[in-house]
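*Asks:* As input, take start14.cif (mmCIF, C-alpha atoms and all ligand atoms):
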data_data
#
loop_
_atom_site.label_atom_id
_atom_site.label_comp_id
_atom_site.auth_asym_id
_atom_site.auth_seq_id
_atom_site.Cartn_x
_atom_site.Cartn_y
_atom_site.Cartn_z
CA MET A 1271 91.61 118.84 120.13
CA PRO A 1272 88.21 117.50 119.11
CA ASP A 1273 85.75 120.31 118.55
CA ALA A 1274 82.05 120.59 119.23
CA SER A 1275 81.14 119.46 115.72
CA ALA A 1276 82.91 116.15 116.18
CA ARG A 1277 80.70 113.12 116.43
CA ALA A 1278 80.59 111.20 119.66
CA PRO A 1279 82.67 108.05 119.87
CA SER A 1280 81.15 105.18 117.98
CA ALA A 1281 77.68 104.17 118.99
CA ARG A 1282 77.63 101.24 116.57
CA ALA A 1283 75.70 98.37 118.04
CA PRO A 1284 78.17 95.60 118.84
CA SER A 1285 77.51 92.48 116.81
CA ALA A 1286 78.10 89.11 118.42
CA ARG A 1287 80.75 88.08 115.91
CA ALA A 1288 82.45 91.32 114.87
CA PRO A 1289 86.16 90.60 114.44
CA LEU A 1290 86.97 93.17 117.12
CA GLU A 1291 84.90 94.82 119.84
CA ILE A 1292 86.59 96.75 122.63
CA ALA A 1293 84.85 98.35 125.59
CA GLY A 1294 86.18 100.10 128.69
CA LEU A 1295 89.81 99.26 127.91
CA GLU A 1296 92.27 100.63 130.43
CA ALA A 1297 96.02 100.00 130.44
CA TRP A 1298 98.96 100.85 132.63
CA TYR A 1299 102.74 100.93 132.47
CA GLY A 1300 103.68 100.47 136.11
CA PRO A 1301 101.80 103.16 138.03
CA SER A 1302 101.24 105.24 134.91
CA GLN A 1303 97.85 104.88 133.21
CA ALA A 1304 97.91 105.08 129.40
CA LEU A 1305 94.36 104.11 128.37
CA TYR A 1306 91.17 105.32 130.05
CA GLY A 1307 88.20 103.33 128.76
CA VAL A 1308 88.89 102.93 125.05
CA ALA A 1309 85.86 101.66 123.11
CA LEU A 1310 85.91 100.77 119.44
CA SER A 1311 84.78 98.16 116.98
CA VAL A 1312 86.01 96.86 113.64
CA GLY A 1313 83.59 95.03 111.37
CA ALA A 1314 84.43 92.11 109.10
CA GLY A 1315 86.59 93.21 106.18
CA GLU A 1316 86.85 96.79 107.42
CA LEU A 1317 90.04 98.82 107.43
CA VAL A 1318 89.92 101.17 110.40
CA THR A 1319 92.63 103.51 111.60
CA LEU A 1320 93.68 104.94 114.92
CA LEU A 1321 94.84 108.50 114.38
CA GLY A 1322 96.18 110.93 116.95
CA ARG A 1323 99.23 112.69 118.25
CA ASN A 1324 102.38 111.12 119.65
CA GLY A 1325 101.79 109.54 123.02
CA ALA A 1326 97.99 109.48 122.63
CA GLY A 1327 97.73 105.74 123.27
CA LYS A 1328 97.43 104.25 119.76
CA THR A 1329 100.27 101.73 120.05
CA THR A 1330 99.18 100.86 123.57
CA THR A 1331 95.71 100.04 122.22
CA LEU A 1332 97.13 97.65 119.61
CA ASN A 1333 99.50 96.08 122.14
CA ALA A 1334 96.67 95.65 124.64
CA ILE A 1335 94.62 93.76 122.03
CA VAL A 1336 97.37 91.17 121.70
CA GLY A 1337 98.02 91.07 125.46
CA MET A 1338 101.35 92.85 125.31
CA VAL A 1339 100.93 95.61 127.87
CA PRO A 1340 101.93 94.99 131.48
CA ARG A 1341 98.44 95.56 132.90
CA ARG A 1342 95.10 95.98 131.21
CA LYS A 1343 91.44 95.93 132.18
CA GLY A 1344 88.21 95.93 130.21
CA SER A 1345 86.60 93.89 127.49
CA ILE A 1346 88.29 92.86 124.25
CA ARG A 1347 86.27 90.50 122.08
CA ILE A 1348 87.86 88.92 119.03
CA GLU A 1349 85.34 87.08 116.83
CA GLY A 1350 83.07 87.11 119.85
CA ILE A 1351 85.65 85.53 122.17
CA GLU A 1352 86.51 87.49 125.29
CA THR A 1353 90.30 87.84 125.30
CA GLY A 1354 90.74 90.70 127.76
CA ALA A 1355 92.25 88.47 130.42
CA MET A 1356 94.01 85.92 128.18
CA PRO A 1357 97.79 85.57 127.86
CA SER A 1358 99.18 86.66 124.49
CA HIS A 1359 99.87 83.15 123.13
CA LYS A 1360 96.19 82.24 123.60
CA ILE A 1361 95.05 85.52 122.07
CA ALA A 1362 97.13 84.74 118.96
CA ARG A 1363 95.12 81.55 118.48
CA THR A 1364 91.93 83.56 118.04
CA GLY A 1365 93.34 84.73 114.71
CA VAL A 1366 94.82 88.14 115.45
CA ALA A 1367 98.39 89.21 114.64
CA ILE A 1368 100.32 92.42 115.09
CA CYS A 1369 102.90 94.04 112.88
CA PRO A 1370 104.75 96.17 115.44
CA GLU A 1371 106.04 99.69 114.96
CA ASP A 1372 109.70 98.57 115.15
CA ARG A 1373 108.88 95.78 112.63
CA GLY A 1374 110.55 93.16 114.84
CA ILE A 1375 112.94 91.86 112.19
CA TYR A 1376 115.74 89.68 113.63
CA ALA A 1377 119.18 90.84 112.54
CA THR A 1378 120.79 87.41 112.75
CA LEU A 1379 118.14 85.67 110.62
CA THR A 1380 117.73 85.87 106.88
CA ALA A 1381 114.63 87.43 105.40
CA GLU A 1382 113.30 83.95 104.67
CA GLU A 1383 113.95 82.77 108.23
CA ASN A 1384 112.21 85.88 109.54
CA LEU A 1385 109.30 85.17 107.23
CA VAL A 1386 108.66 81.66 108.54
CA LEU A 1387 109.32 82.47 112.20
CA PRO A 1388 105.86 83.22 113.59
CA PRO A 1389 103.89 80.04 114.30
CA VAL A 1390 100.87 79.23 112.16
CA VAL A 1391 97.81 79.62 114.39
CA ALA A 1392 94.96 78.97 111.97
CA GLU A 1393 94.25 77.47 108.59
CA GLY A 1394 94.12 79.68 105.53
CA GLY A 1395 97.40 81.53 105.96
CA LEU A 1396 99.34 82.54 102.87
CA SER A 1397 102.23 80.41 101.65
CA VAL A 1398 105.67 81.96 101.18
CA ASP A 1399 105.04 81.96 97.42
CA GLU A 1400 101.76 83.82 97.88
CA ILE A 1401 103.48 86.36 100.12
CA LEU A 1402 106.09 86.90 97.41
CA VAL A 1403 103.33 87.59 94.89
CA LEU A 1404 102.04 90.29 97.22
CA PHE A 1405 105.55 91.65 97.85
CA PRO A 1406 107.60 90.75 94.75
CA GLY A 1407 110.47 92.94 95.94
CA LEU A 1408 111.26 90.39 98.65
CA LYS A 1409 111.94 87.57 96.21
CA ASP A 1410 115.59 88.45 95.56
CA ARG A 1411 116.21 89.32 99.20
CA LEU A 1412 115.25 86.04 100.87
CA LYS A 1413 118.82 85.04 101.70
CA SER A 1414 119.83 88.49 102.97
CA PRO A 1415 120.15 89.09 106.71
CA GLY A 1416 117.03 90.84 107.98
CA THR A 1417 118.72 94.08 108.84
CA LYS A 1418 120.45 94.38 105.47
CA LEU A 1419 117.01 95.00 103.98
CA SER A 1420 115.82 98.54 103.32
CA GLY A 1421 113.15 100.02 105.58
CA GLY A 1422 110.50 99.28 102.96
CA GLU A 1423 111.64 95.68 102.54
CA GLN A 1424 111.63 95.21 106.30
CA GLN A 1425 108.09 96.55 106.45
CA MET A 1426 106.97 94.20 103.68
CA LEU A 1427 108.61 91.31 105.49
CA ALA A 1428 106.96 92.31 108.77
CA ILE A 1429 103.52 92.40 107.15
CA GLY A 1430 104.18 89.31 105.03
CA ARG A 1431 105.09 87.11 107.92
CA ILE A 1432 101.89 87.72 109.85
CA LEU A 1433 99.94 86.64 106.76
CA ARG A 1434 101.51 83.18 107.05
CA THR A 1435 100.04 82.67 110.49
CA GLY A 1436 96.44 82.39 109.30
CA ALA A 1437 95.39 85.47 111.28
CA ARG A 1438 92.43 87.28 109.71
CA LEU A 1439 92.51 90.30 112.03
CA LEU A 1440 95.66 92.32 111.35
CA LEU A 1441 96.97 95.08 113.60
CA LEU A 1442 99.40 97.30 111.70
CA ASP A 1443 101.39 99.87 113.69
CA GLU A 1444 102.52 102.78 111.52
CA PRO A 1445 103.35 100.73 108.41
CA THR A 1446 104.54 103.80 106.48
CA GLU A 1447 106.77 105.32 109.17
CA GLY A 1448 110.08 106.56 107.81
CA LEU A 1449 109.47 105.30 104.27
CA ALA A 1450 109.94 107.17 101.00
CA PRO A 1451 106.76 108.17 99.13
CA VAL A 1452 107.28 105.54 96.43
CA VAL A 1453 107.55 102.81 99.07
CA VAL A 1454 104.54 104.18 100.94
CA LYS A 1455 102.61 103.71 97.71
CA GLN A 1456 103.71 100.06 97.43
CA ILE A 1457 102.77 99.36 101.04
CA GLY A 1458 99.43 101.09 100.48
CA ALA A 1459 98.73 98.93 97.42
CA ALA A 1460 99.55 95.77 99.38
CA ILE A 1461 97.31 96.78 102.31
CA ALA A 1462 94.48 97.62 99.88
CA ASP A 1463 94.98 94.17 98.35
CA LEU A 1464 94.68 92.56 101.80
CA LYS A 1465 91.44 94.42 102.35
CA ARG A 1466 90.12 93.13 99.02
CA ARG A 1467 91.03 89.62 100.17
CA GLY A 1468 88.74 90.12 103.15
CA TYR A 1469 91.22 90.72 105.97
CA THR A 1470 90.03 92.92 108.80
CA ILE A 1471 92.59 95.59 109.60
CA LEU A 1472 93.13 98.01 112.48
CA MET A 1473 95.99 100.33 111.62
CA VAL A 1474 97.78 103.02 113.59
CA GLU A 1475 98.81 105.78 111.24
CA GLN A 1476 100.38 109.22 111.69
CA ASN A 1477 100.20 109.93 107.97
CA VAL A 1478 96.61 111.11 107.68
CA ARG A 1479 96.89 111.58 103.92
CA PHE A 1480 97.95 107.95 103.50
CA ALA A 1481 95.20 106.79 105.88
CA SER A 1482 92.62 108.63 103.79
CA THR A 1483 93.63 106.69 100.67
CA ILE A 1484 92.80 103.24 102.02
CA ALA A 1485 90.68 103.32 105.18
CA ASP A 1486 86.92 102.95 105.69
CA ARG A 1487 86.72 104.65 109.08
CA HIS A 1488 88.87 106.39 111.62
CA TYR A 1489 89.10 106.81 115.37
CA VAL A 1490 91.02 109.67 116.93
CA VAL A 1491 92.83 108.72 120.12
CA ASP A 1492 93.57 111.53 122.52
CA ARG A 1493 95.10 111.14 125.98
CA GLY A 1494 94.16 107.50 126.28
CA ARG A 1495 90.56 107.89 125.08
CA ILE A 1496 88.64 107.75 121.82
CA ALA A 1497 87.98 111.42 121.20
CA GLU A 1498 86.00 111.11 117.99
CA THR A 1499 85.23 108.86 115.07
CA PHE A 1500 84.31 109.52 111.47
CA ASP A 1501 84.12 107.68 108.19
CA ASN A 1502 86.59 108.26 105.41
CA ALA A 1503 84.18 110.36 103.35
CA THR A 1504 84.01 112.81 106.25
CA LEU A 1505 87.80 112.93 106.48
CA LEU A 1506 88.13 113.58 102.75
CA ALA A 1507 85.43 116.25 102.78
CA ASP A 1508 87.05 118.11 105.65
CA PHE A 1509 90.65 117.00 105.22
CA ASP A 1510 92.55 120.22 105.95
CA ARG A 1511 90.67 121.00 109.12
CA ILE A 1512 90.77 117.46 110.52
CA SER A 1513 94.39 116.75 109.62
CA GLY A 1514 95.44 120.18 110.84
CA ARG A 1515 93.82 119.51 114.17
CA LEU A 1516 95.58 116.15 114.47
CA SER A 1517 99.00 117.67 113.94
CA ALA A 1518 98.40 120.89 115.93
N1 LIG A 1601 106.88 100.90 127.63
C1 LIG A 1601 106.35 101.99 128.19
N2 LIG A 1601 106.61 102.32 129.45
C2 LIG A 1601 106.07 103.41 130.04
N3 LIG A 1601 105.22 104.27 129.42
C3 LIG A 1601 104.93 104.00 128.14
C4 LIG A 1601 105.47 102.85 127.45
N4 LIG A 1601 104.99 102.86 126.18
C5 LIG A 1601 104.18 103.95 126.09
N5 LIG A 1601 104.15 104.62 127.26
C6 LIG A 1601 103.37 105.84 127.53
O1 LIG A 1601 102.01 105.54 127.28
C7 LIG A 1601 101.38 106.64 126.63
C8 LIG A 1601 100.79 106.17 125.31
O2 LIG A 1601 101.87 105.81 124.43
P1 LIG A 1601 101.65 105.12 123.01
O3 LIG A 1601 102.98 104.63 122.54
O4 LIG A 1601 100.54 104.17 123.11
O5 LIG A 1601 101.18 106.36 122.14
P2 LIG A 1601 101.01 106.50 120.58
O6 LIG A 1601 99.70 107.20 120.38
O7 LIG A 1601 101.18 105.19 119.92
O8 LIG A 1601 102.17 107.47 120.17
P3 LIG A 1601 103.47 107.23 119.30
O9 LIG A 1601 103.06 107.51 117.92
O10 LIG A 1601 104.41 108.25 119.84
O11 LIG A 1601 103.93 105.82 119.53
C9 LIG A 1601 102.44 107.73 126.49
O12 LIG A 1601 102.31 108.61 127.56
C10 LIG A 1601 103.72 106.95 126.57
O13 LIG A 1601 104.75 107.76 127.09
#
Now, as a test, write the supplied structure out as structure tokens.

*Replies:*
Amino acid sequence: MPDASARAPSARAPSARAPLEIAGLEAWYGPSQALYGVALSVGAGELVTLLGRNGAGKTTTLNAIVGMVPRRKGSIRIEGIETGAMPSHKIARTGVAICPEDRGIYATLTAEENLVLPPVVAEGGLSVDEILVLFPGLKDRLKSPGTKLSGGEQQMLAIGRILRTGARLLLLDEPTEGLAPVVVKQIGAAIADLKRRGYTILMVEQNVRFASTIADRHYVVDRGRIAETFDNATLLADFDRISGRLSA
């Protein structure tokens, strides 16, 4: 639970062209409401996380941004364009892409076919060769069926393929889930590289330690709301208390 010392949810002044500005976002699955007025912003080139317990609404927030929840309400601005009421294929053209929690790798396609599957929506996407420089471990696996890849390789493939699309705003849902520490390190290095290349990243992460190694800022989601926000220096300075609270 957030305590009294927690800062209020972000009061950053929205800028006209921030890659992502969300206000008053509500979402429902059938009659069941999952988000209750989420507000957050991600500045150009920032790496921001959504932390919080299971079922808090983190994945729903990412899915709502790309128009993949059954019903949503509120304002979502991507590069200043209001996308809150757009269908998902139009939202993709604003330059946002999601790497979903289940990684979405097709079993019947090879790694290479999976890699080139998502349509290119904007100029400036990485070529397959450039993706293989970022994830060299995929090079020898291109002809393998998607599901014959290890969890780490699948994750690399899932991130790699959204880089082809030209999207500059990346939504990563638990990229380290279920991966061995050595693979988590590789994924972390690749995500840090993407940040250096200027991508803007909103990442759901349960692994607070991992989040603290690469993120600029954090939002805590609790019961469908932003409960608090802090920068990474604050997380590092008060790591045990904050991470303990998130897992309590
Ligand atoms: N497809 C769905 N149908 C119905 N309810 C759902 C669906 N997906 C999520 N929910 C509910 O919405 C709420 C928010 O779930 P969400 O998956 O966004 O949480 P989360 O913070 O990402 O947690 P987790 O790490 O467990 O995925 C939960 O109460 C969850 O049970």

*Asks:* Using the file's own x, y and z axes, what box holds all listed atoms of ligand LIG 1601 (chain A) with 5 Å on each side, keeping edges along x, y and z, and what are its centre and edge lengths in Å to one decimal, as AutoDock Vina command-line options?

*Replies:*
--center_x 103.3 --center_y 104.8 --center_z 124.0 --size_x 17.2 --size_y 17.7 --size_z 22.1

*Asks:* Could you report the residues within 10 Å of ligand LIG 1601 (chain A), using only C-alpha atoms and all ligand atoms, as a PDB file with C-alpha atoms, keeping the file's coordinate frame?

*Replies:*
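Result file is selection.pdb:
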ATOM      1  CA  ALA A1297      96.020 100.000 130.440  1.00  0.00           C
ATOM      2  CA  TRP A1298      98.960 100.850 132.630  1.00  0.00           C
ATOM      3  CA  TYR A1299     102.740 100.930 132.470  1.00  0.00           C
ATOM      4  CA  GLY A1300     103.680 100.470 136.110  1.00  0.00           C
ATOM      5  CA  PRO A1301     101.800 103.160 138.030  1.00  0.00           C
ATOM      6  CA  SER A1302     101.240 105.240 134.910  1.00  0.00           C
ATOM      7  CA  GLN A1303      97.850 104.880 133.210  1.00  0.00           C
ATOM      8  CA  ALA A1304      97.910 105.080 129.400  1.00  0.00           C
ATOM      9  CA  LEU A1305      94.360 104.110 128.370  1.00  0.00           C
ATOM     10  CA  LEU A1320      93.680 104.940 114.920  1.00  0.00           C
ATOM     11  CA  LEU A1321      94.840 108.500 114.380  1.00  0.00           C
ATOM     12  CA  GLY A1322      96.180 110.930 116.950  1.00  0.00           C
ATOM     13  CA  ARG A1323      99.230 112.690 118.250  1.00  0.00           C
ATOM     14  CA  ASN A1324     102.380 111.120 119.650  1.00  0.00           C
ATOM     15  CA  GLY A1325     101.790 109.540 123.020  1.00  0.00           C
ATOM     16  CA  ALA A1326      97.990 109.480 122.630  1.00  0.00           C
ATOM     17  CA  GLY A1327      97.730 105.740 123.270  1.00  0.00           C
ATOM     18  CA  LYS A1328      97.430 104.250 119.760  1.00  0.00           C
ATOM     19  CA  THR A1329     100.270 101.730 120.050  1.00  0.00           C
ATOM     20  CA  THR A1330      99.180 100.860 123.570  1.00  0.00           C
ATOM     21  CA  THR A1331      95.710 100.040 122.220  1.00  0.00           C
ATOM     22  CA  LEU A1332      97.130  97.650 119.610  1.00  0.00           C
ATOM     23  CA  ASN A1333      99.500  96.080 122.140  1.00  0.00           C
ATOM     24  CA  ALA A1334      96.670  95.650 124.640  1.00  0.00           C
ATOM     25  CA  VAL A1339     100.930  95.610 127.870  1.00  0.00           C
ATOM     26  CA  PRO A1340     101.930  94.990 131.480  1.00  0.00           C
ATOM     27  CA  GLU A1371     106.040  99.690 114.960  1.00  0.00           C
ATOM     28  CA  ASP A1443     101.390  99.870 113.690  1.00  0.00           C
ATOM     29  CA  GLU A1444     102.520 102.780 111.520  1.00  0.00           C
ATOM     30  CA  GLU A1447     106.770 105.320 109.170  1.00  0.00           C
ATOM     31  CA  VAL A1474      97.780 103.020 113.590  1.00  0.00           C
ATOM     32  CA  GLU A1475      98.810 105.780 111.240  1.00  0.00           C
ATOM     33  CA  GLN A1476     100.380 109.220 111.690  1.00  0.00           C
ATOM     34  CA  VAL A1490      91.020 109.670 116.930  1.00  0.00           C
ATOM     35  CA  VAL A1491      92.830 108.720 120.120  1.00  0.00           C
ATOM     36  CA  ASP A1492      93.570 111.530 122.520  1.00  0.00           C
ATOM     37  CA  ARG A1493      95.100 111.140 125.980  1.00  0.00           C
ATOM     38  CA  GLY A1494      94.160 107.500 126.280  1.00  0.00           C
TER      39      GLY A1494
END

*Asks:* Need to verify the contact set: Ala1362 of chain A, 9 Å, only C-alpha atoms, exclusion of same-chain residues closer than 3 positions in sequence. Can you return it as a list in words?

*Replies:*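 Once the nearby chain positions are removed, what remains is Val1336, Pro1357, Ser1358, His1359, Gly1365, Val1366, Ala1367, Val1391 and Ala1437 of chain A.
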
*Asks:* Just to confirm, what's the straight-line distance from atom CA of Thr1378 of chain A to atom CA of Lys1418 of chain A in Å (one decimal)?

*Replies:* 10.1 Å

*Asks:* Pick the closest to Glu1349 of chain A from A:Cys1369, A:Ala1381, A:Leu1441, A:Val1312: which is it, counting only C-alpha atoms?

*Replies:*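 Closest residue, counting only C-alpha atoms: A:Val1312.
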
*Asks:* Would you list the contacts of Thr1319 of chain A as a PDB file with C-alpha atoms, in the coordinates of the input, taking every protein, DNA or RNA residue within 6 Å and counting all atoms listed in the file, but skipping same-chain residues closer than 5 positions in sequence?

*Replies:*
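The resulting part_17.pdb:
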ATOM      1  CA  LEU A1472      93.130  98.010 112.480  1.00  0.00           C
ATOM      2  CA  MET A1473      95.990 100.330 111.620  1.00  0.00           C
ATOM      3  CA  VAL A1474      97.780 103.020 113.590  1.00  0.00           C
ATOM      4  CA  HIS A1488      88.870 106.390 111.620  1.00  0.00           C
TER       5      HIS A1488
END

*Asks:* Between atom CA of Gly1395 of chain A and atom CA of Leu1433 of chain A, what distance in Å does the model show, to one decimal?

*Replies:*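 For atom CA of Gly1395 of chain A relative to atom CA of Leu1433 of chain A, the distance reads 5.8 Å.
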
*Asks:* Closest to Arg1434 of chain A among A:Gly1315, A:Gly1350, A:Pro1388, A:Pro1370, using all atoms listed in the file?

*Replies:*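 Smallest separation from Arg1434 of chain A among the options: A:Pro1388.
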
*Asks:* Under the rule that only C-alpha atoms are counted, which of A:Val1478, A:Ile1484, A:Leu1404, A:Ala1392 is the nearest residue to Ser1517 of chain A?

*Replies:* A:Val1478

*Asks:* Using only C-alpha atoms, which residue out of A:Ile1375, A:Ile1348, A:Val1403, A:Leu1442 lies closest to Gly1458 of chain A?

*Replies:*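 Between A:Ile1375, A:Ile1348, A:Val1403, A:Leu1442, the residue approaching Gly1458 of chain A most closely is A:Leu1442.
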
*Asks:* For a test of reading the model, state the distance in Å between atom CA of Ala1459 of chain A and atom CA of Gly1374 of chain A, rounded to one decimal.

*Replies:*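 Atom CA of Gly1374 of chain A lies 21.8 Å from atom CA of Ala1459 of chain A.
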
*Asks:* Which residue out of A:Gly1344, A:Gly1407, A:Gly1430, A:Gly1514 has the minimum interatomic distance to Val1386 of chain A when all atoms listed in the file are used?

*Replies:*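 That would be A:Gly1430, the residue with the smallest distance to Val1386 of chain A.
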
*Asks:* Could you check which of A:Gly1354, A:Gly1337, A:Pro1415, A:Gly1394 is closest to Ala1293 of chain A, using all atoms listed in the file?

*Replies:*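 Checking each of A:Gly1354, A:Gly1337, A:Pro1415, A:Gly1394 against Ala1293 of chain A, counting all atoms listed in the file, the winner is A:Gly1354.
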
*Asks:* Can you take the partial segment 1393-1412 of chain A, add N, CA and C atoms, and return it as a JSON list (two decimals), in the coordinates of the input?

*Replies:*
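Saved as part.json:
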[["chain", "number", "residue", "atom", "x", "y", "z"],
["A", 1393, "GLU", "N", 94.18, 77.83, 110.00],
["A", 1393, "GLU", "CA", 94.25, 77.47, 108.59],
["A", 1393, "GLU", "C", 94.01, 78.70, 107.72],
["A", 1394, "GLY", "N", 94.46, 78.61, 106.47],
["A", 1394, "GLY", "CA", 94.12, 79.68, 105.53],
["A", 1394, "GLY", "C", 95.19, 80.75, 105.41],
["A", 1395, "GLY", "N", 96.32, 80.56, 106.10],
["A", 1395, "GLY", "CA", 97.40, 81.53, 105.96],
["A", 1395, "GLY", "C", 98.01, 81.46, 104.57],
["A", 1396, "LEU", "N", 98.71, 82.53, 104.18],
["A", 1396, "LEU", "CA", 99.34, 82.54, 102.87],
["A", 1396, "LEU", "C", 100.63, 81.73, 102.90],
["A", 1397, "SER", "N", 100.94, 81.09, 101.77],
["A", 1397, "SER", "CA", 102.23, 80.41, 101.65],
["A", 1397, "SER", "C", 103.31, 81.46, 101.37],
["A", 1398, "VAL", "N", 104.58, 81.03, 101.49],
["A", 1398, "VAL", "CA", 105.67, 81.96, 101.18],
["A", 1398, "VAL", "C", 105.53, 82.45, 99.74],
["A", 1399, "ASP", "N", 105.19, 81.55, 98.82],
["A", 1399, "ASP", "CA", 105.04, 81.96, 97.42],
["A", 1399, "ASP", "C", 103.95, 83.02, 97.26],
["A", 1400, "GLU", "N", 102.85, 82.83, 97.97],
["A", 1400, "GLU", "CA", 101.76, 83.82, 97.88],
["A", 1400, "GLU", "C", 102.18, 85.16, 98.46],
["A", 1401, "ILE", "N", 102.98, 85.11, 99.52],
["A", 1401, "ILE", "CA", 103.48, 86.36, 100.12],
["A", 1401, "ILE", "C", 104.40, 87.08, 99.12],
["A", 1402, "LEU", "N", 105.18, 86.29, 98.38],
["A", 1402, "LEU", "CA", 106.09, 86.90, 97.41],
["A", 1402, "LEU", "C", 105.34, 87.47, 96.21],
["A", 1403, "VAL", "N", 104.15, 86.97, 95.94],
["A", 1403, "VAL", "CA", 103.33, 87.59, 94.89],
["A", 1403, "VAL", "C", 102.84, 88.96, 95.38],
["A", 1404, "LEU", "N", 102.50, 89.02, 96.65],
["A", 1404, "LEU", "CA", 102.04, 90.29, 97.22],
["A", 1404, "LEU", "C", 103.19, 91.29, 97.34],
["A", 1405, "PHE", "N", 104.36, 90.79, 97.69],
["A", 1405, "PHE", "CA", 105.55, 91.65, 97.85],
["A", 1405, "PHE", "C", 106.69, 91.13, 96.97],
["A", 1406, "PRO", "N", 106.61, 91.33, 95.66],
["A", 1406, "PRO", "CA", 107.60, 90.75, 94.75],
["A", 1406, "PRO", "C", 109.03, 91.22, 95.04],
["A", 1407, "GLY", "N", 109.15, 92.40, 95.64],
["A", 1407, "GLY", "CA", 110.47, 92.94, 95.94],
["A", 1407, "GLY", "C", 111.25, 92.08, 96.93],
["A", 1408, "LEU", "N", 110.57, 91.22, 97.65],
["A", 1408, "LEU", "CA", 111.26, 90.39, 98.65],
["A", 1408, "LEU", "C", 111.93, 89.16, 98.04],
["A", 1409, "LYS", "N", 111.51, 88.83, 96.82],
["A", 1409, "LYS", "CA", 111.94, 87.57, 96.21],
["A", 1409, "LYS", "C", 113.46, 87.45, 96.15],
["A", 1410, "ASP", "N", 114.13, 88.49, 95.70],
["A", 1410, "ASP", "CA", 115.59, 88.45, 95.56],
["A", 1410, "ASP", "C", 116.31, 88.71, 96.87],
["A", 1411, "ARG", "N", 115.58, 88.93, 97.94],
["A", 1411, "ARG", "CA", 116.21, 89.32, 99.20],
["A", 1411, "ARG", "C", 116.10, 88.23, 100.25],
["A", 1412, "LEU", "N", 115.55, 87.06, 99.86],
["A", 1412, "LEU", "CA", 115.25, 86.04, 100.87],
["A", 1412, "LEU", "C", 116.46, 85.57, 101.66]]
